[in-house]
Every structure is written in structure tokens, then in C-alpha cells.
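Listing of run-v8.tsv, TSV, C-alpha atoms
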```tsv
chain	number	residue	atom	x	y	z
Y	145	MET	CA	6.70	0.65	24.08
Y	146	ASP	CA	4.86	-2.23	25.74
Y	147	GLU	CA	3.07	0.16	28.04
Y	148	LEU	CA	1.98	2.18	25.03
Y	149	ALA	CA	0.75	-0.94	23.22
Y	150	GLU	CA	-1.37	-1.84	26.25
Y	151	ARG	CA	-3.26	1.45	26.29
Y	152	PRO	CA	-6.78	1.33	24.88
Y	153	CYS	CA	-7.48	2.48	21.34
Y	154	GLU	CA	-10.42	4.74	22.12
Y	155	ALA	CA	-13.34	5.59	19.91
Y	156	CYS	CA	-12.46	8.94	18.38
Y	157	ARG	CA	-14.76	11.83	17.59
Y	158	ALA	CA	-14.10	14.58	15.09
Y	159	ASP	CA	-14.04	17.24	17.85
Y	160	VAL	CA	-11.20	15.62	19.80
Y	161	PRO	CA	-8.09	17.82	19.61
Y	162	LYS	CA	-5.06	16.62	17.71
Y	163	LEU	CA	-1.95	15.86	19.74
Y	164	THR	CA	0.40	18.81	20.10
Y	165	PRO	CA	3.92	18.54	18.64
Y	166	LEU	CA	5.28	18.14	22.19
Y	167	GLN	CA	2.86	15.30	22.92
Y	168	CYS	CA	3.84	13.64	19.64
Y	169	GLU	CA	7.54	13.89	20.45
Y	170	ALA	CA	7.01	12.40	23.91
Y	171	LEU	CA	5.14	9.42	22.46
Y	172	LEU	CA	7.63	9.05	19.63
Y	173	ASP	CA	10.37	8.48	22.22
Y	174	GLN	CA	8.80	5.08	22.76
Y	175	LEU	CA	8.83	4.29	19.03
Y	176	PRO	CA	12.37	5.08	17.91
Y	177	GLN	CA	11.97	3.44	14.49
Y	178	TRP	CA	8.89	5.41	13.56
Y	179	ARG	CA	8.88	8.90	12.17
Y	180	LEU	CA	6.47	11.75	11.77
Y	181	ILE	CA	5.61	12.89	8.26
Y	182	GLU	CA	3.14	15.40	6.88
Y	183	VAL	CA	1.07	14.57	3.81
Y	184	ASN	CA	-1.17	17.28	2.37
Y	185	GLY	CA	-1.09	19.07	5.72
Y	186	VAL	CA	-1.98	15.93	7.70
Y	187	LYS	CA	0.56	14.67	10.26
Y	188	GLN	CA	1.09	10.92	10.08
Y	189	LEU	CA	3.20	8.27	11.82
Y	190	THR	CA	5.07	5.89	9.55
Y	191	ARG	CA	7.57	3.07	9.44
Y	192	ILE	CA	9.09	0.97	6.64
Y	193	TYR	CA	9.73	-2.73	7.34
Y	194	LEU	CA	12.14	-4.55	5.03
Y	195	TYR	CA	11.84	-8.11	3.71
Y	196	SER	CA	13.52	-10.35	1.17
Y	197	GLY	CA	10.47	-10.71	-1.06
Y	198	PHE	CA	6.89	-9.71	-1.77
Y	199	LEU	CA	4.91	-12.40	0.03
Y	200	ASP	CA	6.59	-11.77	3.39
Y	201	ALA	CA	5.65	-8.11	3.14
Y	202	MET	CA	2.09	-9.09	2.19
Y	203	ALA	CA	1.80	-11.58	5.05
Y	204	GLN	CA	2.86	-8.94	7.55
Y	205	ALA	CA	0.41	-6.45	6.04
Y	206	GLU	CA	-2.34	-9.00	6.69
Y	207	LYS	CA	-1.34	-9.17	10.35
Y	208	VAL	CA	-1.52	-5.41	10.67
Y	209	ALA	CA	-4.90	-5.47	8.91
Y	210	GLU	CA	-6.15	-7.88	11.59
Y	211	ILE	CA	-5.29	-5.65	14.53
Y	212	ALA	CA	-6.66	-2.66	12.63
Y	213	GLN	CA	-9.95	-4.42	12.10
Y	214	GLN	CA	-10.15	-5.41	15.78
Y	215	GLU	CA	-10.01	-1.75	16.78
Y	216	ASN	CA	-11.81	-0.36	13.75
Y	217	HIS	CA	-8.87	1.98	13.26
Y	218	HIS	CA	-7.14	1.54	9.93
Y	219	PRO	CA	-3.71	2.45	8.59
Y	220	ALA	CA	-2.40	2.83	5.08
Y	221	LEU	CA	-0.47	-0.31	4.11
Y	222	LEU	CA	1.84	-0.04	1.13
Y	223	VAL	CA	3.13	-3.43	0.02
Y	224	GLU	CA	6.02	-3.54	-2.45
Y	225	TRP	CA	8.68	-6.12	-3.28
Y	226	GLY	CA	10.89	-6.26	-0.20
Y	227	ARG	CA	9.04	-3.78	1.92
Y	228	LEU	CA	5.92	-2.82	3.80
Y	229	THR	CA	5.20	0.78	4.75
Y	230	VAL	CA	2.72	1.14	7.61
Y	231	THR	CA	1.26	4.62	8.19
Y	232	TRP	CA	-1.13	5.56	10.98
Y	233	TRP	CA	-3.18	8.70	11.40
Y	234	THR	CA	-6.72	9.55	12.43
Y	235	HIS	CA	-8.92	10.51	9.51
Y	236	LYS	CA	-11.62	12.05	11.67
Y	237	ILE	CA	-9.30	14.69	13.12
Y	238	LYS	CA	-7.02	14.89	10.06
Y	239	GLY	CA	-3.99	14.34	12.23
Y	240	LEU	CA	-2.50	12.33	15.07
Y	241	HIS	CA	-4.35	11.00	18.10
Y	242	GLU	CA	-2.84	8.87	20.87
Y	243	ASN	CA	-4.60	5.94	19.19
Y	244	ASP	CA	-2.13	6.17	16.32
Y	245	PHE	CA	0.84	5.78	18.63
Y	246	VAL	CA	-0.92	2.92	20.44
Y	247	MET	CA	-1.50	1.17	17.11
Y	248	ALA	CA	2.09	1.81	16.00
Y	249	ALA	CA	3.30	0.21	19.25
Y	250	ARG	CA	1.01	-2.77	18.61
Y	251	THR	CA	2.33	-2.98	15.05
Y	252	GLU	CA	5.87	-3.12	16.47
Y	253	ARG	CA	4.84	-5.91	18.80
Y	254	LEU	CA	3.56	-7.93	15.82
Y	255	PHE	CA	6.98	-7.75	14.23
Y	256	THR	CA	9.05	-8.44	17.34
Y	257	PRO	CA	7.35	-11.37	19.05
L	206	MET	CA	-8.58	-6.15	-22.63
L	207	ASP	CA	-9.01	-9.93	-22.59
L	208	GLU	CA	-6.54	-10.31	-25.43
L	209	LEU	CA	-4.04	-8.23	-23.47
L	210	ALA	CA	-4.57	-10.30	-20.33
L	211	GLU	CA	-3.83	-13.47	-22.31
L	212	ARG	CA	-0.44	-12.29	-23.50
L	213	PRO	CA	2.55	-13.80	-21.68
L	214	CYS	CA	4.30	-11.86	-18.94
L	215	GLU	CA	7.85	-12.30	-20.16
L	216	ALA	CA	11.03	-12.44	-18.13
L	217	CYS	CA	12.46	-8.95	-18.38
L	218	ARG	CA	16.10	-7.91	-18.58
L	219	ALA	CA	17.51	-4.54	-17.65
L	220	ASP	CA	18.57	-3.85	-21.26
L	221	VAL	CA	15.07	-4.20	-22.72
L	222	PRO	CA	13.86	-0.81	-23.97
L	223	LYS	CA	10.99	0.92	-22.21
L	224	LEU	CA	7.76	1.30	-24.14
L	225	THR	CA	7.51	4.53	-26.11
L	226	PRO	CA	4.75	7.02	-25.20
L	227	LEU	CA	2.89	5.97	-28.36
L	228	GLN	CA	3.09	2.30	-27.44
L	229	CYS	CA	1.84	3.14	-23.96
L	230	GLU	CA	-1.12	5.08	-25.32
L	231	ALA	CA	-2.06	2.24	-27.67
L	232	LEU	CA	-2.05	-0.28	-24.80
L	233	LEU	CA	-3.86	2.12	-22.49
L	234	ASP	CA	-6.76	2.19	-24.95
L	235	GLN	CA	-7.53	-1.32	-23.73
L	236	LEU	CA	-7.45	-0.23	-20.08
L	237	PRO	CA	-9.67	2.85	-19.94
L	238	GLN	CA	-9.79	2.96	-16.14
L	239	TRP	CA	-6.04	2.95	-15.70
L	240	ARG	CA	-3.84	5.99	-15.97
L	241	LEU	CA	-0.19	6.74	-16.51
L	242	ILE	CA	1.68	8.57	-13.76
L	243	GLU	CA	5.30	9.50	-13.27
L	244	VAL	CA	6.94	9.05	-9.87
L	245	ASN	CA	10.52	10.26	-9.45
L	246	GLY	CA	11.01	10.08	-13.20
L	247	VAL	CA	9.61	6.55	-13.47
L	248	LYS	CA	6.47	6.03	-15.57
L	249	GLN	CA	3.90	3.80	-13.88
L	250	LEU	CA	0.43	2.42	-14.58
L	251	THR	CA	-2.10	2.83	-11.79
L	252	ARG	CA	-5.73	2.38	-10.83
L	253	ILE	CA	-7.72	3.00	-7.65
L	254	TYR	CA	-10.47	0.49	-6.78
L	255	LEU	CA	-13.12	1.62	-4.27
L	256	TYR	CA	-14.74	-0.46	-1.50
L	257	SER	CA	-17.01	0.05	1.46
L	258	GLY	CA	-14.42	-0.99	4.06
L	259	PHE	CA	-10.85	-2.04	4.78
L	260	LEU	CA	-11.07	-5.82	4.63
L	261	ASP	CA	-12.57	-5.87	1.13
L	262	ALA	CA	-9.65	-3.77	-0.10
L	263	MET	CA	-7.21	-6.07	1.70
L	264	ALA	CA	-8.84	-9.20	0.27
L	265	GLN	CA	-8.53	-7.84	-3.26
L	266	ALA	CA	-4.91	-6.87	-2.62
L	267	GLU	CA	-4.26	-10.50	-1.69
L	268	LYS	CA	-5.71	-11.65	-5.02
L	269	VAL	CA	-3.44	-9.26	-6.91
L	270	ALA	CA	-0.50	-10.48	-4.83
L	271	GLU	CA	-1.27	-14.04	-5.97
L	272	ILE	CA	-1.12	-13.27	-9.68
L	273	ALA	CA	1.98	-11.15	-9.09
L	274	GLN	CA	3.70	-14.02	-7.37
L	275	GLN	CA	2.74	-16.42	-10.18
L	276	GLU	CA	4.59	-14.24	-12.69
L	277	ASN	CA	7.28	-12.99	-10.31
L	278	HIS	CA	6.32	-9.47	-11.34
L	279	HIS	CA	5.18	-7.33	-8.44
L	280	PRO	CA	3.14	-4.15	-8.17
L	281	ALA	CA	2.83	-1.62	-5.39
L	282	LEU	CA	-0.40	-2.27	-3.47
L	283	LEU	CA	-1.66	0.53	-1.28
L	284	VAL	CA	-4.48	-0.60	1.00
L	285	GLU	CA	-6.52	2.05	2.82
L	286	TRP	CA	-10.01	2.15	4.29
L	287	GLY	CA	-12.33	1.97	1.31
L	288	ARG	CA	-9.74	1.72	-1.41
L	289	LEU	CA	-6.94	-0.21	-3.03
L	290	THR	CA	-4.43	1.45	-5.33
L	291	VAL	CA	-2.65	-0.95	-7.68
L	292	THR	CA	0.44	0.36	-9.47
L	293	TRP	CA	2.48	-1.56	-12.01
L	294	TRP	CA	5.88	-0.74	-13.44
L	295	THR	CA	9.07	-2.63	-14.21
L	296	HIS	CA	11.80	-1.96	-11.69
L	297	LYS	CA	14.57	-3.38	-13.88
L	298	ILE	CA	13.99	-0.87	-16.67
L	299	LYS	CA	12.71	1.92	-14.38
L	300	GLY	CA	9.64	2.34	-16.53
L	301	LEU	CA	6.88	0.58	-18.38
L	302	HIS	CA	7.13	-2.74	-20.23
L	303	GLU	CA	4.30	-4.55	-22.00
L	304	ASN	CA	4.28	-6.85	-18.95
L	305	ASP	CA	2.85	-4.03	-16.86
L	306	PHE	CA	-0.11	-3.61	-19.19
L	307	VAL	CA	-0.60	-7.39	-19.29
L	308	MET	CA	-0.64	-7.50	-15.49
L	309	ALA	CA	-3.00	-4.51	-15.31
L	310	ALA	CA	-5.37	-6.33	-17.68
L	311	ARG	CA	-5.15	-9.44	-15.49
L	312	THR	CA	-5.81	-7.27	-12.43
L	313	GLU	CA	-8.96	-5.95	-14.13
L	314	ARG	CA	-10.05	-9.49	-14.84
L	315	LEU	CA	-9.76	-10.34	-11.13
L	316	PHE	CA	-12.16	-7.55	-10.31
L	317	THR	CA	-14.67	-8.18	-13.06
L	318	PRO	CA	-15.28	-11.94	-13.06
```
Can you present the structure in this file as C-alpha cells?
Amino acid sequence: MDELAERPCEACRADVPKLTPLQCEALLDQLPQWRLIEVNGVKQLTRIYLYSGFLDAMAQAEKVAEIAQQENHHPALLVEWGRLTVTWWTHKIKGLHENDFVMAARTERLFTP
Amino acid sequence: MDELAERPCEACRADVPKLTPLQCEALLDQLPQWRLIEVNGVKQLTRIYLYSGFLDAMAQAEKVAEIAQQENHHPALLVEWGRLTVTWWTHKIKGLHENDFVMAARTERLFTP
């Protein structure tokens, strides 16, 4: 996972191909607590983190927002009482790019210092 | 809407009845930009706010989190690039309580100073 987190998050163009299912599975091996979902035909990478309250979930969301802003690549962050759902995908290609796995690995690193 | 926002957000017990559809409609009249949805059989009150970036949406989510924490009544906050979705419902009664409309009115007030 650390190797994945160290990879660059590259600027992405709309004509870059999506990752193939095989490529996704290979990268997912490094992120065992993340899973692939499909929302309205768009593949996404998601994980739920659990907490004992609302503010902890919000505070962690803010940390993810910071690394997102640094790379100008933004997830969906769903904050609820006791949990934060982080979901990465690449809007421009309507699917998954290596960047999303890189950012998921960096998200993991935020939560396991 | 201001009158609604001024009402107290009461401690809620699991045996308090949910609002009836008629009661919901009457309260919704004061919140024209909010709508009722049903998720897994649970009625909820939701609104999407639009922004020109991610950090603005995140900053507003933090403001909603503050008023939620003050009343110990917590929404779902979905932060994405360019938008924040705020959704209120009462977990204990698996549906809508007047508190949810009060908190929606207070959320509106945060966004329209």
C-alpha cells in the first residue's frame, strides 16, 4: 500500500482509458479494506470508516479534503453519526483511474499513522 | 422559516410518533427548497447546495456539523466537488420528527445570513 500511496496523482484527461477490471483487481490487492462499487454505470472505489460519534467522522473528512485539495482530485465524503464513507472515482473518465487507487492508499495512510 | 428555525430541537425518544404526511407537507411549506425522500423505507428531508469548488462545500458542511453538534442531532452530509447534500431524519424513530424541519430551517439560515 505504501508504494501505491507514493505514486504520483497525475493530471487526468478525458481521453485517458479507464482501468480494466484486471488492473482494478491488481490494485485492489493492495487495499484490502476497500471495495469496488458501480453507481449509475460508473465504477467507484469506496470504504466506510467507523467512529464513536459525529465530530470524529467530520474531522477525518476534513483530513481527506486536505489531501484531495492538494492534488485537485476530489472524492465524495459522506459524514454520518459514527461513520465516514470515502469514495474515489475520476469524473473526467466516468470511472476508475490509477489516481483513485493512489488517493485511496493515501486516505488509508491518513487513518493509520 | 425563521419561526421554524427558532423552535426548540427537543430530545427525542424512540416511542415518539413520526410526523404524518400532512404534518410534513405543512412544515415543508416553510422550506420550499427542501424535498422529502424515502431511503430504505425511512422518510428524510434533503437539500443540495451548489458551489464552485470542493472547499466551499466542505466549509459549509463544517458549519452544519457545528449546529448539529450543539443539538446532538446529526444529519448526513455528502460533500462532493461543487455540492453539499444535507439530509435530516431522526434515527430513533426511523423517520421525520419536527426536529428535522427545525434543523433544516436552521441549516437554511446558515446559508442565507
Problem set entry | Shell of 10 Å around segment 297-309 of chain L, all atoms listed in the file, local chain residues under 2 positions omitted, as an MDAnalysis selection string | chainID L and resid 206:226 228:229 232:233 235:236 239 241 243:252 269 272:273 276 278:280 291:295 311:315
Can those selected residues be exported to a file as an mmCIF file, in the frame of the given file so that it contains C-alpha atoms?
```
data_model
loop_
_atom_site.group_PDB
_atom_site.id
_atom_site.type_symbol
_atom_site.label_atom_id
_atom_site.label_comp_id
_atom_site.auth_asym_id
_atom_site.auth_seq_id
_atom_site.Cartn_x
_atom_site.Cartn_y
_atom_site.Cartn_z
ATOM 1 C CA MET L 206 -8.580 -6.150 -22.630
ATOM 2 C CA ASP L 207 -9.010 -9.930 -22.590
ATOM 3 C CA GLU L 208 -6.540 -10.310 -25.430
ATOM 4 C CA LEU L 209 -4.040 -8.230 -23.470
ATOM 5 C CA ALA L 210 -4.570 -10.300 -20.330
ATOM 6 C CA GLU L 211 -3.830 -13.470 -22.310
ATOM 7 C CA ARG L 212 -0.440 -12.290 -23.500
ATOM 8 C CA PRO L 213 2.550 -13.800 -21.680
ATOM 9 C CA CYS L 214 4.300 -11.860 -18.940
ATOM 10 C CA GLU L 215 7.850 -12.300 -20.160
ATOM 11 C CA ALA L 216 11.030 -12.440 -18.130
ATOM 12 C CA CYS L 217 12.460 -8.950 -18.380
ATOM 13 C CA ARG L 218 16.100 -7.910 -18.580
ATOM 14 C CA ALA L 219 17.510 -4.540 -17.650
ATOM 15 C CA ASP L 220 18.570 -3.850 -21.260
ATOM 16 C CA VAL L 221 15.070 -4.200 -22.720
ATOM 17 C CA PRO L 222 13.860 -0.810 -23.970
ATOM 18 C CA LYS L 223 10.990 0.920 -22.210
ATOM 19 C CA LEU L 224 7.760 1.300 -24.140
ATOM 20 C CA THR L 225 7.510 4.530 -26.110
ATOM 21 C CA PRO L 226 4.750 7.020 -25.200
ATOM 22 C CA GLN L 228 3.090 2.300 -27.440
ATOM 23 C CA CYS L 229 1.840 3.140 -23.960
ATOM 24 C CA LEU L 232 -2.050 -0.280 -24.800
ATOM 25 C CA LEU L 233 -3.860 2.120 -22.490
ATOM 26 C CA GLN L 235 -7.530 -1.320 -23.730
ATOM 27 C CA LEU L 236 -7.450 -0.230 -20.080
ATOM 28 C CA TRP L 239 -6.040 2.950 -15.700
ATOM 29 C CA LEU L 241 -0.190 6.740 -16.510
ATOM 30 C CA GLU L 243 5.300 9.500 -13.270
ATOM 31 C CA VAL L 244 6.940 9.050 -9.870
ATOM 32 C CA ASN L 245 10.520 10.260 -9.450
ATOM 33 C CA GLY L 246 11.010 10.080 -13.200
ATOM 34 C CA VAL L 247 9.610 6.550 -13.470
ATOM 35 C CA LYS L 248 6.470 6.030 -15.570
ATOM 36 C CA GLN L 249 3.900 3.800 -13.880
ATOM 37 C CA LEU L 250 0.430 2.420 -14.580
ATOM 38 C CA THR L 251 -2.100 2.830 -11.790
ATOM 39 C CA ARG L 252 -5.730 2.380 -10.830
ATOM 40 C CA VAL L 269 -3.440 -9.260 -6.910
ATOM 41 C CA ILE L 272 -1.120 -13.270 -9.680
ATOM 42 C CA ALA L 273 1.980 -11.150 -9.090
ATOM 43 C CA GLU L 276 4.590 -14.240 -12.690
ATOM 44 C CA HIS L 278 6.320 -9.470 -11.340
ATOM 45 C CA HIS L 279 5.180 -7.330 -8.440
ATOM 46 C CA PRO L 280 3.140 -4.150 -8.170
ATOM 47 C CA VAL L 291 -2.650 -0.950 -7.680
ATOM 48 C CA THR L 292 0.440 0.360 -9.470
ATOM 49 C CA TRP L 293 2.480 -1.560 -12.010
ATOM 50 C CA TRP L 294 5.880 -0.740 -13.440
ATOM 51 C CA THR L 295 9.070 -2.630 -14.210
ATOM 52 C CA ARG L 311 -5.150 -9.440 -15.490
ATOM 53 C CA THR L 312 -5.810 -7.270 -12.430
ATOM 54 C CA GLU L 313 -8.960 -5.950 -14.130
ATOM 55 C CA ARG L 314 -10.050 -9.490 -14.840
ATOM 56 C CA LEU L 315 -9.760 -10.340 -11.130
#
```
Write out as a tab-separated table a residue-level contact list of chain Y versus chain L with cut-off 6 Å: for each qualifying residue the closest pair of atoms and the distance in Å to one decimal, counting all atoms listed in the file, rows sorted by chain and residue number upward.
```
residue	atom	partner	partner_atom	distance
Y:Ala220	CA	L:Glu285	CA	4.8
Y:Leu221	CA	L:Val284	CA	5.1
Y:Leu222	CA	L:Leu283	CA	4.3
Y:Val223	CA	L:Leu282	CA	5.1
Y:Glu224	CA	L:Ala281	CA	4.7
```
Would you output that residue set with C-alpha atoms, as a compact mmCIF listing (two decimals), in the frame of the given file?
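result35.txt, freshly written:
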```txt
# COMPACT_ATOMS: atom_id res chain seq x y z
CA ALA Y 220 -2.40 2.83 5.08
CA LEU Y 221 -0.47 -0.31 4.11
CA LEU Y 222 1.84 -0.04 1.13
CA VAL Y 223 3.13 -3.43 0.02
CA GLU Y 224 6.02 -3.54 -2.45
```
Exercise. So how far away is atom CA of Ile253 of chain L from atom CA of Gln238 of chain L, in Å?
Worked result: 8.7 Å
With chain Y held fixed, move chain L onto it by a least-squares fit of all C-alpha atoms in order and give the output as a tab-separated table (two decimals) with C-alpha atoms, in the coordinates of the input.
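Output file superposed16.tsv is given in full below:
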```
chain	number	residue	atom	x	y	z
L	206	MET	CA	6.71	0.64	24.04
L	207	ASP	CA	4.88	-2.24	25.71
L	208	GLU	CA	3.09	0.15	28.04
L	209	LEU	CA	1.98	2.17	25.02
L	210	ALA	CA	0.76	-0.93	23.21
L	211	GLU	CA	-1.36	-1.85	26.24
L	212	ARG	CA	-3.24	1.43	26.28
L	213	PRO	CA	-6.79	1.31	24.88
L	214	CYS	CA	-7.48	2.47	21.34
L	215	GLU	CA	-10.42	4.74	22.10
L	216	ALA	CA	-13.36	5.58	19.88
L	217	CYS	CA	-12.47	8.93	18.38
L	218	ARG	CA	-14.77	11.83	17.57
L	219	ALA	CA	-14.11	14.58	15.07
L	220	ASP	CA	-14.03	17.23	17.82
L	221	VAL	CA	-11.20	15.61	19.79
L	222	PRO	CA	-8.10	17.81	19.60
L	223	LYS	CA	-5.05	16.60	17.71
L	224	LEU	CA	-1.95	15.85	19.74
L	225	THR	CA	0.40	18.81	20.12
L	226	PRO	CA	3.92	18.55	18.64
L	227	LEU	CA	5.28	18.13	22.18
L	228	GLN	CA	2.87	15.30	22.93
L	229	CYS	CA	3.85	13.65	19.65
L	230	GLU	CA	7.55	13.89	20.46
L	231	ALA	CA	7.02	12.40	23.92
L	232	LEU	CA	5.14	9.41	22.46
L	233	LEU	CA	7.64	9.03	19.63
L	234	ASP	CA	10.38	8.48	22.21
L	235	GLN	CA	8.80	5.08	22.77
L	236	LEU	CA	8.83	4.29	19.04
L	237	PRO	CA	12.36	5.09	17.91
L	238	GLN	CA	11.96	3.45	14.50
L	239	TRP	CA	8.87	5.41	13.56
L	240	ARG	CA	8.89	8.90	12.15
L	241	LEU	CA	6.46	11.75	11.77
L	242	ILE	CA	5.60	12.89	8.25
L	243	GLU	CA	3.15	15.40	6.88
L	244	VAL	CA	1.07	14.56	3.81
L	245	ASN	CA	-1.18	17.27	2.39
L	246	GLY	CA	-1.13	19.06	5.72
L	247	VAL	CA	-1.99	15.92	7.70
L	248	LYS	CA	0.55	14.67	10.26
L	249	GLN	CA	1.09	10.91	10.11
L	250	LEU	CA	3.19	8.27	11.84
L	251	THR	CA	5.06	5.88	9.56
L	252	ARG	CA	7.58	3.07	9.43
L	253	ILE	CA	9.07	0.98	6.63
L	254	TYR	CA	9.72	-2.72	7.36
L	255	LEU	CA	12.13	-4.55	5.03
L	256	TYR	CA	11.84	-8.13	3.71
L	257	SER	CA	13.52	-10.36	1.19
L	258	GLY	CA	10.46	-10.73	-1.05
L	259	PHE	CA	6.87	-9.72	-1.76
L	260	LEU	CA	4.90	-12.40	0.05
L	261	ASP	CA	6.59	-11.78	3.40
L	262	ALA	CA	5.63	-8.11	3.15
L	263	MET	CA	2.08	-9.09	2.19
L	264	ALA	CA	1.80	-11.57	5.06
L	265	GLN	CA	2.85	-8.92	7.56
L	266	ALA	CA	0.40	-6.44	6.04
L	267	GLU	CA	-2.34	-8.99	6.69
L	268	LYS	CA	-1.35	-9.18	10.36
L	269	VAL	CA	-1.52	-5.39	10.67
L	270	ALA	CA	-4.90	-5.46	8.92
L	271	GLU	CA	-6.15	-7.87	11.59
L	272	ILE	CA	-5.29	-5.64	14.53
L	273	ALA	CA	-6.65	-2.65	12.63
L	274	GLN	CA	-9.94	-4.40	12.09
L	275	GLN	CA	-10.13	-5.39	15.77
L	276	GLU	CA	-10.00	-1.73	16.78
L	277	ASN	CA	-11.80	-0.35	13.73
L	278	HIS	CA	-8.85	1.99	13.25
L	279	HIS	CA	-7.13	1.56	9.92
L	280	PRO	CA	-3.70	2.48	8.60
L	281	ALA	CA	-2.41	2.85	5.07
L	282	LEU	CA	-0.46	-0.29	4.13
L	283	LEU	CA	1.84	-0.03	1.15
L	284	VAL	CA	3.13	-3.42	0.03
L	285	GLU	CA	6.02	-3.54	-2.44
L	286	TRP	CA	8.67	-6.12	-3.27
L	287	GLY	CA	10.88	-6.28	-0.20
L	288	ARG	CA	9.05	-3.78	1.94
L	289	LEU	CA	5.92	-2.81	3.81
L	290	THR	CA	5.19	0.78	4.76
L	291	VAL	CA	2.73	1.16	7.63
L	292	THR	CA	1.25	4.62	8.19
L	293	TRP	CA	-1.12	5.56	10.98
L	294	TRP	CA	-3.18	8.71	11.39
L	295	THR	CA	-6.72	9.56	12.43
L	296	HIS	CA	-8.90	10.50	9.49
L	297	LYS	CA	-11.63	12.05	11.65
L	298	ILE	CA	-9.31	14.68	13.12
L	299	LYS	CA	-7.01	14.88	10.07
L	300	GLY	CA	-3.98	14.34	12.25
L	301	LEU	CA	-2.50	12.34	15.06
L	302	HIS	CA	-4.34	10.99	18.11
L	303	GLU	CA	-2.84	8.88	20.89
L	304	ASN	CA	-4.59	5.94	19.18
L	305	ASP	CA	-2.12	6.17	16.31
L	306	PHE	CA	0.84	5.77	18.63
L	307	VAL	CA	-0.92	2.91	20.44
L	308	MET	CA	-1.51	1.16	17.11
L	309	ALA	CA	2.08	1.80	16.00
L	310	ALA	CA	3.30	0.21	19.25
L	311	ARG	CA	1.01	-2.77	18.62
L	312	THR	CA	2.34	-2.98	15.06
L	313	GLU	CA	5.88	-3.13	16.46
L	314	ARG	CA	4.83	-5.90	18.79
L	315	LEU	CA	3.57	-7.94	15.82
L	316	PHE	CA	6.98	-7.74	14.23
L	317	THR	CA	9.04	-8.42	17.32
L	318	PRO	CA	7.38	-11.38	19.04
```
For this session: Point out the residue among Y:Phe255, Y:Tyr195, Y:Glu169, Y:Ile181 with the least atom-to-atom distance to Gly226 of chain Y, counting all atoms listed in the file.
Result: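 Among the listed residues, Y:Tyr195 lies closest to Gly226 of chain Y.
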Problem set entry | Coordinates-based distance that separates atom CA of Gln265 of chain L from atom CA of Tyr193 of chain Y (Å, one decimal) |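 Atom CA of Gln265 of chain L lies 21.7 Å from atom CA of Tyr193 of chain Y.
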Problem set entry | Coordinates-based distance that separates atom CA of Pro176 of chain Y from atom CA of Ala201 of chain Y (Å, one decimal) |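 Separation of atom CA of Ala201 of chain Y and atom CA of Pro176 of chain Y: 20.9 Å.
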Axis-aligned box for all listed atoms of segment 193-212 of chain Y, 6 Å per side, centre and edges in Å to one decimal, as lines of an AutoDock Vina configuration file:
```
center_x = 3.4
center_y = -7.5
center_z = 6.4
size_x = 32.2
size_y = 21.7
size_z = 28.3
```
